[in-house]
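Asker: File follows, upload16.cif with mmCIF, C-alpha atoms:
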```
data_data
loop_
_atom_site.label_atom_id
_atom_site.label_comp_id
_atom_site.auth_asym_id
_atom_site.auth_seq_id
_atom_site.Cartn_x
_atom_site.Cartn_y
_atom_site.Cartn_z
CA MET A 1 -95.47 181.91 -118.10
CA ILE A 2 -93.03 181.04 -115.31
CA PRO A 3 -95.68 179.26 -113.16
CA LEU A 4 -96.58 177.05 -116.12
CA LEU A 5 -92.92 176.24 -116.82
CA ILE A 6 -92.36 175.35 -113.16
CA LEU A 7 -95.38 173.04 -113.15
CA LEU A 8 -94.33 171.38 -116.42
CA LEU A 9 -90.79 170.76 -115.15
CA ILE A 10 -92.08 169.24 -111.91
CA LEU A 11 -94.49 166.98 -113.83
CA ALA A 12 -91.74 166.00 -116.29
CA THR A 13 -89.33 165.00 -113.53
CA LEU A 14 -92.08 163.07 -111.73
CA ALA A 15 -92.90 161.26 -114.98
CA LEU A 16 -89.24 160.24 -115.22
CA GLY A 17 -89.48 158.65 -111.78
CA VAL A 18 -87.66 161.36 -109.83
CA PRO A 19 -88.78 161.34 -106.16
CA ILE A 20 -91.08 164.25 -105.33
CA ALA A 21 -88.64 165.89 -102.89
CA PHE A 22 -85.84 165.96 -105.48
CA SER A 23 -88.28 167.11 -108.15
CA LEU A 24 -89.30 170.12 -106.07
CA GLY A 25 -85.74 170.95 -105.05
CA ILE A 26 -84.25 170.64 -108.54
CA THR A 27 -87.01 172.76 -110.07
CA ALA A 28 -86.68 175.48 -107.42
CA VAL A 29 -82.88 175.69 -107.63
CA LEU A 30 -82.89 175.71 -111.44
CA PHE A 31 -85.36 178.59 -111.72
CA LEU A 32 -83.64 180.57 -108.96
CA MET A 33 -80.30 180.21 -110.75
CA LEU A 34 -81.75 181.14 -114.15
CA PHE A 35 -83.98 184.04 -113.18
CA THR A 36 -82.38 185.53 -110.05
CA ASP A 37 -78.89 186.42 -108.86
CA LEU A 38 -79.33 184.88 -105.41
CA SER A 39 -76.37 182.98 -104.01
CA MET A 40 -76.43 179.22 -103.45
CA GLY A 41 -75.66 179.88 -99.81
CA LEU A 42 -79.01 181.59 -99.36
CA ILE A 43 -80.79 178.70 -101.09
CA ILE A 44 -79.11 176.18 -98.80
CA GLN A 45 -80.09 178.33 -95.83
CA GLN A 46 -83.74 178.15 -96.96
CA LEU A 47 -83.46 174.36 -97.20
CA TYR A 48 -82.29 174.23 -93.59
CA GLN A 49 -84.86 176.74 -92.33
CA GLY A 50 -87.65 174.71 -93.93
CA ALA A 51 -87.16 171.91 -91.43
CA ASN A 52 -85.77 173.95 -88.52
CA SER A 53 -88.98 174.45 -86.54
CA PHE A 54 -89.85 173.42 -82.98
CA PRO A 55 -93.49 172.56 -83.81
CA LEU A 56 -92.26 170.28 -86.61
CA LEU A 57 -90.35 168.26 -84.00
CA ALA A 58 -93.71 166.66 -83.19
CA ILE A 59 -93.83 165.04 -86.65
CA PRO A 60 -90.94 162.53 -86.22
CA LEU A 61 -92.15 161.80 -82.68
CA PHE A 62 -95.73 161.00 -83.75
CA ILE A 63 -94.42 158.98 -86.71
CA LEU A 64 -92.20 157.00 -84.32
CA ALA A 65 -95.16 156.55 -81.96
CA GLY A 66 -97.18 155.10 -84.83
CA SER A 67 -94.38 152.68 -85.72
CA LEU A 68 -94.11 151.57 -82.10
CA MET A 69 -97.88 151.00 -81.95
CA ASN A 70 -97.64 148.81 -85.05
CA TYR A 71 -94.99 146.60 -83.50
CA SER A 72 -96.37 146.52 -79.96
CA GLY A 73 -99.68 144.78 -80.68
CA VAL A 74 -101.81 147.88 -80.16
CA SER A 75 -103.66 147.60 -83.48
CA THR A 76 -104.63 143.98 -82.75
CA ARG A 77 -106.11 144.90 -79.35
CA LEU A 78 -108.02 147.84 -80.80
CA ILE A 79 -109.49 145.68 -83.56
CA ASN A 80 -110.47 142.94 -81.09
CA PHE A 81 -112.21 145.51 -78.90
CA ALA A 82 -114.13 146.96 -81.85
CA LEU A 83 -115.05 143.44 -83.01
CA SER A 84 -116.49 142.58 -79.61
CA ILE A 85 -118.80 145.59 -79.80
CA ILE A 86 -120.15 145.51 -83.35
CA GLY A 87 -118.46 142.69 -85.22
CA MET A 88 -121.46 140.35 -85.12
CA VAL A 89 -123.89 142.44 -87.23
CA ARG A 90 -124.12 142.31 -91.00
CA GLY A 91 -121.33 144.43 -92.42
CA GLY A 92 -119.81 144.49 -88.96
CA LEU A 93 -116.25 144.15 -90.19
CA ALA A 94 -116.68 147.32 -92.24
CA TYR A 95 -117.85 149.20 -89.14
CA VAL A 96 -114.98 147.73 -87.15
CA ASN A 97 -112.58 148.91 -89.85
CA VAL A 98 -113.83 152.50 -89.57
CA ILE A 99 -113.95 152.52 -85.76
CA THR A 100 -110.46 151.04 -85.50
CA SER A 101 -109.23 153.75 -87.87
CA VAL A 102 -110.66 156.31 -85.43
CA PHE A 103 -108.77 154.71 -82.55
CA PHE A 104 -105.57 154.34 -84.50
CA GLY A 105 -105.80 157.81 -86.02
CA ALA A 106 -106.10 159.22 -82.50
CA ILE A 107 -102.77 157.59 -81.71
CA THR A 108 -100.56 157.93 -84.79
CA GLY A 109 -101.66 161.15 -86.52
CA THR A 110 -100.85 159.90 -90.01
CA ALA A 111 -102.99 158.31 -92.70
CA ALA A 112 -100.21 156.05 -93.98
CA ALA A 113 -99.66 154.45 -90.56
CA ALA A 114 -103.40 153.85 -90.15
CA SER A 115 -103.69 152.33 -93.66
CA ALA A 116 -100.82 149.94 -93.07
CA ALA A 117 -101.62 148.96 -89.48
CA VAL A 118 -105.38 148.53 -89.86
CA GLY A 119 -105.20 147.23 -93.42
CA GLN A 120 -102.79 144.40 -92.70
CA ILE A 121 -105.27 142.91 -90.24
CA MET A 122 -108.70 144.03 -91.40
CA ILE A 123 -108.43 143.60 -95.17
CA PRO A 124 -107.50 139.87 -95.08
CA SER A 125 -110.22 139.30 -92.47
CA MET A 126 -112.84 141.07 -94.61
CA ILE A 127 -111.87 139.18 -97.76
CA GLU A 128 -112.01 135.89 -95.84
CA LYS A 129 -115.61 136.74 -94.85
CA LYS A 130 -116.49 137.30 -98.54
CA TYR A 131 -116.30 141.09 -98.55
CA LYS A 132 -115.34 142.43 -101.97
CA PRO A 133 -111.58 143.20 -102.04
CA GLY A 134 -112.33 146.61 -103.56
CA PHE A 135 -114.75 147.45 -100.75
CA ALA A 136 -112.27 146.30 -98.10
CA ALA A 137 -109.49 148.40 -99.65
CA ALA A 138 -111.75 151.46 -100.06
CA THR A 139 -113.08 151.29 -96.49
CA THR A 140 -109.58 151.01 -95.04
CA SER A 141 -108.23 153.79 -97.24
CA ALA A 142 -111.12 156.11 -96.38
CA GLY A 143 -110.75 155.28 -92.69
CA SER A 144 -107.09 156.26 -92.81
CA THR A 145 -108.17 159.83 -93.63
CA LEU A 146 -109.49 160.02 -90.08
CA GLY A 147 -105.85 159.90 -89.02
CA ILE A 148 -105.37 163.46 -90.31
CA LEU A 149 -108.75 164.82 -89.13
CA ILE A 150 -108.70 163.43 -85.59
CA PRO A 151 -105.82 164.67 -83.41
CA PRO A 152 -102.99 164.20 -83.00
CA SER A 153 -102.63 165.01 -86.69
CA VAL A 154 -99.29 165.42 -88.42
CA PRO A 155 -100.86 167.55 -91.21
CA MET A 156 -102.31 169.88 -88.57
CA ILE A 157 -98.87 170.21 -86.98
CA LEU A 158 -97.40 171.05 -90.38
CA TYR A 159 -100.19 173.55 -91.12
CA GLY A 160 -99.76 175.17 -87.71
CA SER A 161 -96.02 175.59 -88.21
CA ILE A 162 -96.60 177.34 -91.55
CA SER A 163 -99.60 179.50 -90.64
CA GLY A 164 -98.74 180.35 -87.05
CA ILE A 165 -102.07 179.01 -85.78
CA SER A 166 -101.99 177.22 -82.43
CA VAL A 167 -101.63 173.48 -83.05
CA ALA A 168 -103.66 172.85 -79.89
CA ASN A 169 -106.56 174.87 -81.37
CA LEU A 170 -106.28 172.92 -84.62
CA PHE A 171 -106.44 169.67 -82.65
CA LEU A 172 -109.55 170.79 -80.77
CA THR A 173 -111.18 171.85 -84.02
CA GLY A 174 -110.46 168.51 -85.65
CA ILE A 175 -112.20 166.38 -83.00
CA PRO A 176 -115.87 167.12 -83.83
CA ILE A 177 -115.13 167.35 -87.57
CA GLY A 178 -113.51 163.91 -87.45
CA ILE A 179 -116.46 162.48 -85.51
CA MET A 180 -118.92 163.85 -88.10
CA VAL A 181 -116.93 162.30 -90.95
CA THR A 182 -116.77 159.02 -89.01
CA ILE A 183 -120.58 158.94 -88.76
CA GLY A 184 -120.78 159.58 -92.49
CA TYR A 185 -118.38 156.70 -93.17
CA LEU A 186 -120.44 154.36 -90.98
CA LEU A 187 -123.57 155.27 -92.94
CA VAL A 188 -121.78 154.52 -96.22
CA ALA A 189 -120.62 151.17 -94.82
CA TYR A 190 -124.18 150.42 -93.66
CA PHE A 191 -125.85 151.06 -97.02
CA ALA A 192 -123.05 149.25 -98.89
CA SER A 193 -123.51 146.24 -96.60
CA LEU A 194 -127.26 146.14 -97.27
CA ARG A 195 -126.55 145.50 -100.95
CA GLN A 196 -124.10 142.68 -100.27
CA ASP A 197 -124.62 139.22 -98.81
CA TYR A 198 -121.92 139.54 -96.19
CA ILE A 199 -121.47 136.79 -93.64
CA ILE A 200 -122.68 137.52 -90.12
CA GLU A 201 -120.42 136.35 -87.32
CA GLU A 202 -121.93 133.34 -85.55
CA GLN A 203 -120.61 134.52 -82.22
CA LYS A 204 -123.23 136.46 -80.25
CA PHE A 205 -122.70 139.69 -78.41
CA SER A 206 -121.10 139.11 -75.04
CA PHE A 207 -120.55 141.67 -72.29
CA LYS A 208 -117.85 139.37 -70.94
CA LYS A 209 -115.93 139.55 -74.21
CA VAL A 210 -116.41 143.32 -74.45
CA TYR A 211 -115.03 143.68 -70.92
CA LYS A 212 -112.08 141.38 -71.64
CA THR A 213 -111.11 143.11 -74.89
CA PHE A 214 -111.63 146.53 -73.29
CA ILE A 215 -109.22 145.69 -70.46
CA GLU A 216 -106.66 144.51 -73.00
CA ALA A 217 -107.11 147.68 -75.06
CA ILE A 218 -106.86 150.12 -72.13
CA PRO A 219 -103.15 150.96 -72.69
CA ALA A 220 -103.94 151.78 -76.32
CA LEU A 221 -107.11 153.74 -75.52
CA LEU A 222 -105.31 155.80 -72.90
CA VAL A 223 -102.85 157.21 -75.44
CA PRO A 224 -105.23 159.75 -77.06
CA VAL A 225 -106.63 160.58 -73.61
CA ILE A 226 -103.14 161.36 -72.33
CA ILE A 227 -102.26 163.37 -75.45
CA MET A 228 -105.40 165.51 -75.62
CA GLY A 229 -105.77 165.73 -71.84
CA GLY A 230 -102.24 167.05 -71.51
CA ILE A 231 -102.75 169.61 -74.29
CA MET A 232 -106.18 170.83 -73.12
CA SER A 233 -105.02 171.15 -69.52
CA GLY A 234 -101.97 173.13 -70.61
CA ILE A 235 -99.58 170.68 -68.95
CA VAL A 236 -97.80 169.86 -72.22
CA THR A 237 -97.44 171.37 -75.68
CA PRO A 238 -98.38 169.32 -78.78
CA THR A 239 -94.68 168.63 -79.35
CA GLU A 240 -94.25 167.41 -75.78
CA SER A 241 -97.40 165.31 -76.13
CA ALA A 242 -95.74 163.60 -79.10
CA ALA A 243 -92.91 162.54 -76.79
CA LEU A 244 -95.53 161.16 -74.40
CA ALA A 245 -97.04 159.19 -77.29
CA VAL A 246 -93.65 157.57 -77.96
CA LEU A 247 -93.31 156.68 -74.28
CA ALA A 248 -96.86 155.28 -74.30
CA GLY A 249 -96.03 153.12 -77.32
CA ILE A 250 -93.02 151.66 -75.52
CA VAL A 251 -95.02 151.06 -72.33
CA ALA A 252 -97.83 149.41 -74.28
CA GLY A 253 -95.32 147.12 -75.99
CA VAL A 254 -93.89 146.13 -72.61
CA ILE A 255 -97.36 145.49 -71.14
CA TYR A 256 -98.41 143.39 -74.12
CA ARG A 257 -94.99 141.68 -74.17
CA GLU A 258 -94.78 142.01 -77.94
CA LEU A 259 -92.23 144.79 -78.36
CA THR A 260 -89.00 142.81 -78.47
CA PHE A 261 -85.66 144.54 -78.91
CA LYS A 262 -85.61 143.54 -82.59
CA LYS A 263 -89.11 144.95 -83.12
CA PHE A 264 -88.04 148.10 -81.31
CA LEU A 265 -85.15 148.54 -83.74
CA ASP A 266 -87.51 147.85 -86.67
CA ALA A 267 -89.89 150.51 -85.35
CA LEU A 268 -87.01 152.99 -85.09
CA GLU A 269 -85.96 152.17 -88.65
CA ASP A 270 -89.50 152.68 -89.97
CA GLY A 271 -89.83 155.90 -88.02
CA VAL A 272 -86.55 157.30 -89.35
CA ARG A 273 -87.37 156.32 -92.93
CA ASN A 274 -90.87 157.84 -92.89
CA THR A 275 -89.66 160.96 -91.08
CA ALA A 276 -86.91 161.47 -93.64
CA VAL A 277 -89.42 161.31 -96.49
CA VAL A 278 -91.79 163.85 -94.91
CA MET A 279 -89.15 166.29 -93.67
CA PHE A 280 -87.18 166.24 -96.92
CA ILE A 281 -90.37 167.13 -98.80
CA VAL A 282 -91.01 169.92 -96.28
CA ALA A 283 -87.47 171.27 -96.74
CA THR A 284 -87.45 171.20 -100.55
CA GLY A 285 -91.04 172.45 -100.64
CA THR A 286 -89.84 175.45 -98.65
CA ILE A 287 -87.25 176.17 -101.33
CA LEU A 288 -89.96 176.03 -104.00
CA GLY A 289 -92.10 178.40 -101.95
CA PHE A 290 -89.08 180.71 -101.64
CA ALA A 291 -88.66 180.52 -105.43
CA PHE A 292 -92.33 181.44 -105.88
CA SER A 293 -91.79 184.50 -103.70
CA SER A 294 -88.53 185.54 -105.35
CA LEU A 295 -89.90 185.13 -108.88
CA GLY A 296 -93.24 186.79 -108.14
CA VAL A 297 -95.12 183.60 -108.96
CA GLY A 298 -97.29 183.91 -105.88
CA GLN A 299 -98.59 187.33 -106.91
CA GLN A 300 -99.38 186.05 -110.41
CA MET A 301 -101.26 183.02 -109.08
CA MET A 302 -103.20 185.00 -106.49
CA ALA A 303 -104.10 187.97 -108.75
CA PRO A 304 -107.50 186.51 -109.79
CA PHE A 305 -108.51 186.31 -106.11
CA ALA A 306 -108.36 190.11 -105.82
CA ASN A 307 -111.67 190.28 -107.68
CA PHE A 308 -113.36 188.32 -104.89
CA SER A 309 -111.82 190.01 -101.86
CA ASP A 310 -115.31 190.85 -100.56
CA ASN A 311 -116.65 187.32 -101.08
CA PRO A 312 -115.15 184.82 -98.58
CA ILE A 313 -117.16 181.88 -99.94
CA MET A 314 -115.91 182.40 -103.49
CA VAL A 315 -112.32 182.72 -102.22
CA MET A 316 -112.60 179.41 -100.37
CA LEU A 317 -114.27 177.68 -103.33
CA LEU A 318 -111.50 178.80 -105.67
CA ALA A 319 -108.83 177.94 -103.11
CA SER A 320 -110.40 174.49 -102.65
CA LEU A 321 -110.40 173.95 -106.42
CA ILE A 322 -106.72 174.87 -106.71
CA LEU A 323 -105.80 172.73 -103.71
CA PHE A 324 -107.96 169.90 -105.08
CA ILE A 325 -106.13 170.02 -108.41
CA GLY A 326 -102.84 170.15 -106.50
CA GLY A 327 -103.94 167.06 -104.58
CA PHE A 328 -104.32 165.18 -107.85
CA ILE A 329 -100.66 165.81 -108.63
CA PHE A 330 -98.82 166.22 -105.34
CA ASP A 331 -98.73 164.69 -101.91
CA GLY A 332 -100.62 166.72 -99.30
CA THR A 333 -97.34 167.77 -97.68
CA VAL A 334 -96.27 169.53 -100.87
CA MET A 335 -99.70 171.13 -101.22
CA VAL A 336 -99.54 172.65 -97.75
CA VAL A 337 -95.89 173.73 -97.81
CA VAL A 338 -95.99 175.30 -101.28
CA LEU A 339 -99.57 176.48 -101.85
CA VAL A 340 -100.99 177.34 -98.42
CA PRO A 341 -98.55 180.23 -97.74
CA LEU A 342 -99.81 181.87 -100.93
CA PHE A 343 -103.40 181.87 -99.65
CA LEU A 344 -102.78 183.05 -96.09
CA PRO A 345 -102.57 186.81 -96.90
CA ILE A 346 -105.81 186.58 -98.91
CA VAL A 347 -107.51 184.67 -96.10
CA ALA A 348 -106.49 187.38 -93.62
CA ALA A 349 -107.55 190.21 -95.94
CA THR A 350 -110.94 188.62 -96.63
CA GLY A 351 -111.69 188.11 -92.95
CA ILE A 352 -112.03 184.32 -93.18
CA ASP A 353 -111.75 182.50 -89.84
CA PRO A 354 -108.22 180.99 -89.85
CA LEU A 355 -109.51 177.76 -88.30
CA GLN A 356 -112.22 177.52 -90.96
CA PHE A 357 -109.68 177.77 -93.77
CA ALA A 358 -107.34 175.36 -91.97
CA MET A 359 -110.09 172.71 -91.86
CA VAL A 360 -110.88 173.33 -95.54
CA VAL A 361 -107.22 172.62 -96.36
CA ILE A 362 -107.09 169.50 -94.16
CA ILE A 363 -110.30 168.08 -95.66
CA VAL A 364 -109.04 168.71 -99.20
CA TRP A 365 -105.79 166.97 -98.17
CA GLY A 366 -107.91 163.97 -97.12
CA ILE A 367 -109.74 163.97 -100.45
CA GLY A 368 -106.41 164.07 -102.28
CA GLN A 369 -105.29 160.94 -100.43
CA GLN A 370 -108.29 159.10 -101.87
CA THR A 371 -108.23 160.33 -105.48
CA PRO A 372 -105.89 158.87 -108.14
CA PRO A 373 -103.29 159.33 -109.48
CA VAL A 374 -101.61 160.19 -106.14
CA ALA A 375 -104.14 158.45 -103.82
CA SER A 376 -101.52 157.48 -101.23
CA GLY A 377 -104.18 155.83 -99.08
CA LEU A 378 -105.48 153.64 -101.91
CA PHE A 379 -102.01 152.60 -103.05
CA ILE A 380 -101.35 150.96 -99.69
CA THR A 381 -104.73 149.27 -99.25
CA THR A 382 -105.11 148.02 -102.84
CA ALA A 383 -101.68 146.42 -102.58
CA ILE A 384 -102.75 144.59 -99.41
CA ALA A 385 -106.13 143.60 -100.91
CA LYS A 386 -104.52 142.59 -104.23
CA THR A 387 -107.12 144.53 -106.17
CA SER A 388 -107.07 147.32 -108.72
CA MET A 389 -107.36 151.03 -108.05
CA TYR A 390 -110.43 151.05 -110.28
CA GLU A 391 -112.26 148.40 -108.25
CA ALA A 392 -111.52 150.20 -104.99
CA SER A 393 -112.51 153.59 -106.41
CA LYS A 394 -116.00 152.30 -107.29
CA TYR A 395 -116.66 152.03 -103.55
CA ASN A 396 -114.38 154.80 -102.42
CA ILE A 397 -116.31 157.46 -104.32
CA TRP A 398 -119.06 157.25 -101.67
CA TYR A 399 -116.57 157.86 -98.88
CA ILE A 400 -115.15 160.80 -100.85
CA LEU A 401 -118.72 162.15 -101.06
CA VAL A 402 -118.77 162.29 -97.25
CA LEU A 403 -115.58 164.37 -97.28
CA LEU A 404 -117.06 166.66 -99.95
CA ILE A 405 -120.17 167.20 -97.82
CA ALA A 406 -117.90 168.08 -94.88
CA LEU A 407 -115.93 170.44 -97.14
CA PHE A 408 -118.99 172.30 -98.42
CA GLY A 409 -120.42 172.37 -94.91
CA MET A 410 -117.23 174.03 -93.69
CA ILE A 411 -117.34 176.58 -96.52
CA PHE A 412 -121.05 177.47 -96.46
CA TYR A 413 -122.00 176.80 -92.82
CA PRO A 414 -118.88 177.54 -90.74
CA ASP A 415 -120.90 178.63 -87.70
CA VAL A 416 -122.51 175.18 -87.58
CA MET A 417 -119.34 173.20 -88.31
CA LEU A 418 -117.22 175.21 -85.87
CA TYR A 419 -119.79 175.64 -83.10
CA ILE A 420 -118.39 172.88 -80.86
CA PRO A 421 -114.71 173.67 -81.62
CA ARG A 422 -115.28 177.29 -80.62
CA LEU A 423 -116.81 176.16 -77.33
CA LEU A 424 -113.81 173.88 -76.70
CA ILE A 425 -111.30 176.59 -77.52
CA GLN A 426 -113.00 179.13 -75.27
#
```
In structure tokens, write the structure found in this file.

Answerer:
Amino acid sequence: MIPLLILLLILATLALGVPIAFSLGITAVLFLMLFTDLSMGLIIQQLYQGANSFPLLAIPLFILAGSLMNYSGVSTRLINFALSIIGMVRGGLAYVNVITSVFFGAITGTAAAASAAVGQIMIPSMIEKKYKPGFAAATTSAGSTLGILIPPSVPMILYGSISGISVANLFLTGIPIGIMVTIGYLLVAYFASLRQDYIIEEQKFSFKKVYKTFIEAIPALLVPVIIMGGIMSGIVTPTESAALAVLAGIVAGVIYRELTFKKFLDALEDGVRNTAVVMFIVATGTILGFAFSSLGVGQQMMAPFANFSDNPIMVMLLASLILFIGGFIFDGTVMVVVLVPLFLPIVAATGIDPLQFAMVVIIVWGIGQQTPPVASGLFITTAIAKTSMYEASKYNIWYILVLLIALFGMIFYPDVMLYIPRLLIQ
């Protein structure tokens, strides 16, 4: 009964327009006060502990790095480089959109930053070339999901801080998975382009232009190399690599001569605002998780899983379903902070590979970003494209299918999906 009441109160406060962080915090505090005798001091301590984590320090740094990249001209150079390679074929702008999302995701680590940065340039360009606004919005939104699959990934940092799994191992696992999803996205863009009469760029392929745009994009392309190279070599931790990403964003802005002092302050402001949103959700989500533990909600929710303790596939299917439903209602941050800790003991008891379950959670997070009513990725891109969520979803469903294939592949064929990551980790 209590789990249902908690869910109903959260949904009621959200329906009234209460921000998600306050909704979680108010609900948790209210139920703790009504059904336990815990002191407010302990609750406040949990709020502080929720955000007091060294691995989580990487989140504001990567968010700031993404803001700096937006203001330093990095996204423009990446798009120009991708255009020079494949922009002249039919549907080329769709491919460029996906490839640029890969580049940008490997720099920022967040889907929102990728949606905004890539979308502001690519969506108007695609619409100008007669691409359907819904297709442009869907492609950009789907591409932004690569920002959480391809390291550095803020969701992976958050998951690592909660589960205790090495963030570096999560990063290494995400690389081949992200590449596979990217190939799937490109196939979707290819078949969608065959059905549409999209304009082909008159400009022919030119090695000279590829070379020129590549030289201009080198500072941007070096960022993921520096980040992953430093982590894999053991020179820096993921948190320290986030600081390097910030430094790289500043250096890139100086090289491109676009990061003025005013833009630098704007980037800091964006970084602080976005960090505050994420970390406040993490903190209040921790209180709700504490309330679940104190009220015995976790045991009630996880009781049905006891019947499948000898069936890892069924456990992951049920967990995916619950997380998928949670993704319809909550932001992925809430899903990971509140729900994932409940599953971790079951995952350990069932003998599921921790990295396998981590990737299941991250992929479901990506699906949640693309499915209304939350659909944080679509909200940004449809606003830029000036189209409806319905029009974008007609195209986006095919990109979601790619993520579902990756999800089921991870559940049913983990040895195949994790073959390369295991080689990298060894």

Asker: Give as a list in words the residues that the PyMOL selection byres ((chain A and resi 360) around 8) matches when applied to the coordinates above.

Answerer: Met316, Ser320, Gln356, Phe357, Ala358, Met359, Val361, Ile362, Ile363, Val364, Leu407, Met410 and Ile411 of chain A

Asker: Using all atoms listed in the file, which protein or nucleic acid residues come within 8 Å of Gln46 in chain A? Drop anything in the same chain fewer than 5 positions from it, and give the result as number ranges by chain.

Answerer: A: 283, 286-287, 290

Asker: Using only C-alpha atoms, can you tell me which of A:Ala252, A:Ala94, A:Ile99, A:Ala142 comes closest to Phe191 in chain A?

Answerer: A:Ala94

Asker: What lies within 12 Å of Gln370 in chain A using all atoms listed in the file, ignoring chain neighbours under 4 positions off, as a PyMOL selection string?

Answerer: chain A and resi 111-112+115+137-146+324+327-328+331-332+363-366+374-382+389-390+392-404

Asker: Just write the chosen residues, C-alpha atoms, as a PDB file, in the coordinates of the input.

Answerer:
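As a result, again-v1.pdb now contains:
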```pdb
ATOM      1  CA  ALA A 111    -102.990 158.310 -92.700  1.00  0.00           C
ATOM      2  CA  ALA A 112    -100.210 156.050 -93.980  1.00  0.00           C
ATOM      3  CA  SER A 115    -103.690 152.330 -93.660  1.00  0.00           C
ATOM      4  CA  ALA A 137    -109.490 148.400 -99.650  1.00  0.00           C
ATOM      5  CA  ALA A 138    -111.750 151.460-100.060  1.00  0.00           C
ATOM      6  CA  THR A 139    -113.080 151.290 -96.490  1.00  0.00           C
ATOM      7  CA  THR A 140    -109.580 151.010 -95.040  1.00  0.00           C
ATOM      8  CA  SER A 141    -108.230 153.790 -97.240  1.00  0.00           C
ATOM      9  CA  ALA A 142    -111.120 156.110 -96.380  1.00  0.00           C
ATOM     10  CA  GLY A 143    -110.750 155.280 -92.690  1.00  0.00           C
ATOM     11  CA  SER A 144    -107.090 156.260 -92.810  1.00  0.00           C
ATOM     12  CA  THR A 145    -108.170 159.830 -93.630  1.00  0.00           C
ATOM     13  CA  LEU A 146    -109.490 160.020 -90.080  1.00  0.00           C
ATOM     14  CA  PHE A 324    -107.960 169.900-105.080  1.00  0.00           C
ATOM     15  CA  GLY A 327    -103.940 167.060-104.580  1.00  0.00           C
ATOM     16  CA  PHE A 328    -104.320 165.180-107.850  1.00  0.00           C
ATOM     17  CA  ASP A 331     -98.730 164.690-101.910  1.00  0.00           C
ATOM     18  CA  GLY A 332    -100.620 166.720 -99.300  1.00  0.00           C
ATOM     19  CA  ILE A 363    -110.300 168.080 -95.660  1.00  0.00           C
ATOM     20  CA  VAL A 364    -109.040 168.710 -99.200  1.00  0.00           C
ATOM     21  CA  TRP A 365    -105.790 166.970 -98.170  1.00  0.00           C
ATOM     22  CA  GLY A 366    -107.910 163.970 -97.120  1.00  0.00           C
ATOM     23  CA  VAL A 374    -101.610 160.190-106.140  1.00  0.00           C
ATOM     24  CA  ALA A 375    -104.140 158.450-103.820  1.00  0.00           C
ATOM     25  CA  SER A 376    -101.520 157.480-101.230  1.00  0.00           C
ATOM     26  CA  GLY A 377    -104.180 155.830 -99.080  1.00  0.00           C
ATOM     27  CA  LEU A 378    -105.480 153.640-101.910  1.00  0.00           C
ATOM     28  CA  PHE A 379    -102.010 152.600-103.050  1.00  0.00           C
ATOM     29  CA  ILE A 380    -101.350 150.960 -99.690  1.00  0.00           C
ATOM     30  CA  THR A 381    -104.730 149.270 -99.250  1.00  0.00           C
ATOM     31  CA  THR A 382    -105.110 148.020-102.840  1.00  0.00           C
ATOM     32  CA  MET A 389    -107.360 151.030-108.050  1.00  0.00           C
ATOM     33  CA  TYR A 390    -110.430 151.050-110.280  1.00  0.00           C
ATOM     34  CA  ALA A 392    -111.520 150.200-104.990  1.00  0.00           C
ATOM     35  CA  SER A 393    -112.510 153.590-106.410  1.00  0.00           C
ATOM     36  CA  LYS A 394    -116.000 152.300-107.290  1.00  0.00           C
ATOM     37  CA  TYR A 395    -116.660 152.030-103.550  1.00  0.00           C
ATOM     38  CA  ASN A 396    -114.380 154.800-102.420  1.00  0.00           C
ATOM     39  CA  ILE A 397    -116.310 157.460-104.320  1.00  0.00           C
ATOM     40  CA  TRP A 398    -119.060 157.250-101.670  1.00  0.00           C
ATOM     41  CA  TYR A 399    -116.570 157.860 -98.880  1.00  0.00           C
ATOM     42  CA  ILE A 400    -115.150 160.800-100.850  1.00  0.00           C
ATOM     43  CA  LEU A 401    -118.720 162.150-101.060  1.00  0.00           C
ATOM     44  CA  VAL A 402    -118.770 162.290 -97.250  1.00  0.00           C
ATOM     45  CA  LEU A 403    -115.580 164.370 -97.280  1.00  0.00           C
ATOM     46  CA  LEU A 404    -117.060 166.660 -99.950  1.00  0.00           C
TER      47      LEU A 404
END
```

Asker: Using only C-alpha atoms for the distances, tell me which of A:Val118, A:Leu339, A:Val278, A:Ile325 is nearest to Val297 in chain A.

Answerer: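 For Val297 in chain A, the nearest of the given residues is A:Leu339.
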
Asker: Nearest residue to Val102 in chain A out of A:Ala276, A:Ile162, A:Val89, A:Ile179, using only C-alpha atoms?

Answerer: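 Under the stated criterion, the closest residue is A:Ile179.
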
Asker: Could you tell me how far CA of Gly50 in chain A lies from CA of Ile281 in chain A, in Å and to one decimal?

Answerer: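 Answer for the CA of Gly50 in chain A to CA of Ile281 in chain A separation: 9.4 Å.
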
Asker: So that I can check the surroundings of range 211-224 of chain A, please list as number ranges by chain every protein, DNA and RNA residue that reaches within 7 Å of it, counting all atoms listed in the file and ignoring chain neighbours fewer than 6 positions away.

Answerer: A: 74, 77-78, 80-81, 106-107, 245, 248, 252

Asker: Would you mind exporting C-alpha atoms of the selected residues as an mmCIF file, in the frame of the given file?

Answerer:
```
data_model
loop_
_atom_site.group_PDB
_atom_site.id
_atom_site.type_symbol
_atom_site.label_atom_id
_atom_site.label_comp_id
_atom_site.auth_asym_id
_atom_site.auth_seq_id
_atom_site.Cartn_x
_atom_site.Cartn_y
_atom_site.Cartn_z
ATOM 1 C CA VAL A 74 -101.810 147.880 -80.160
ATOM 2 C CA ARG A 77 -106.110 144.900 -79.350
ATOM 3 C CA LEU A 78 -108.020 147.840 -80.800
ATOM 4 C CA ASN A 80 -110.470 142.940 -81.090
ATOM 5 C CA PHE A 81 -112.210 145.510 -78.900
ATOM 6 C CA ALA A 106 -106.100 159.220 -82.500
ATOM 7 C CA ILE A 107 -102.770 157.590 -81.710
ATOM 8 C CA ALA A 245 -97.040 159.190 -77.290
ATOM 9 C CA ALA A 248 -96.860 155.280 -74.300
ATOM 10 C CA ALA A 252 -97.830 149.410 -74.280
#
```
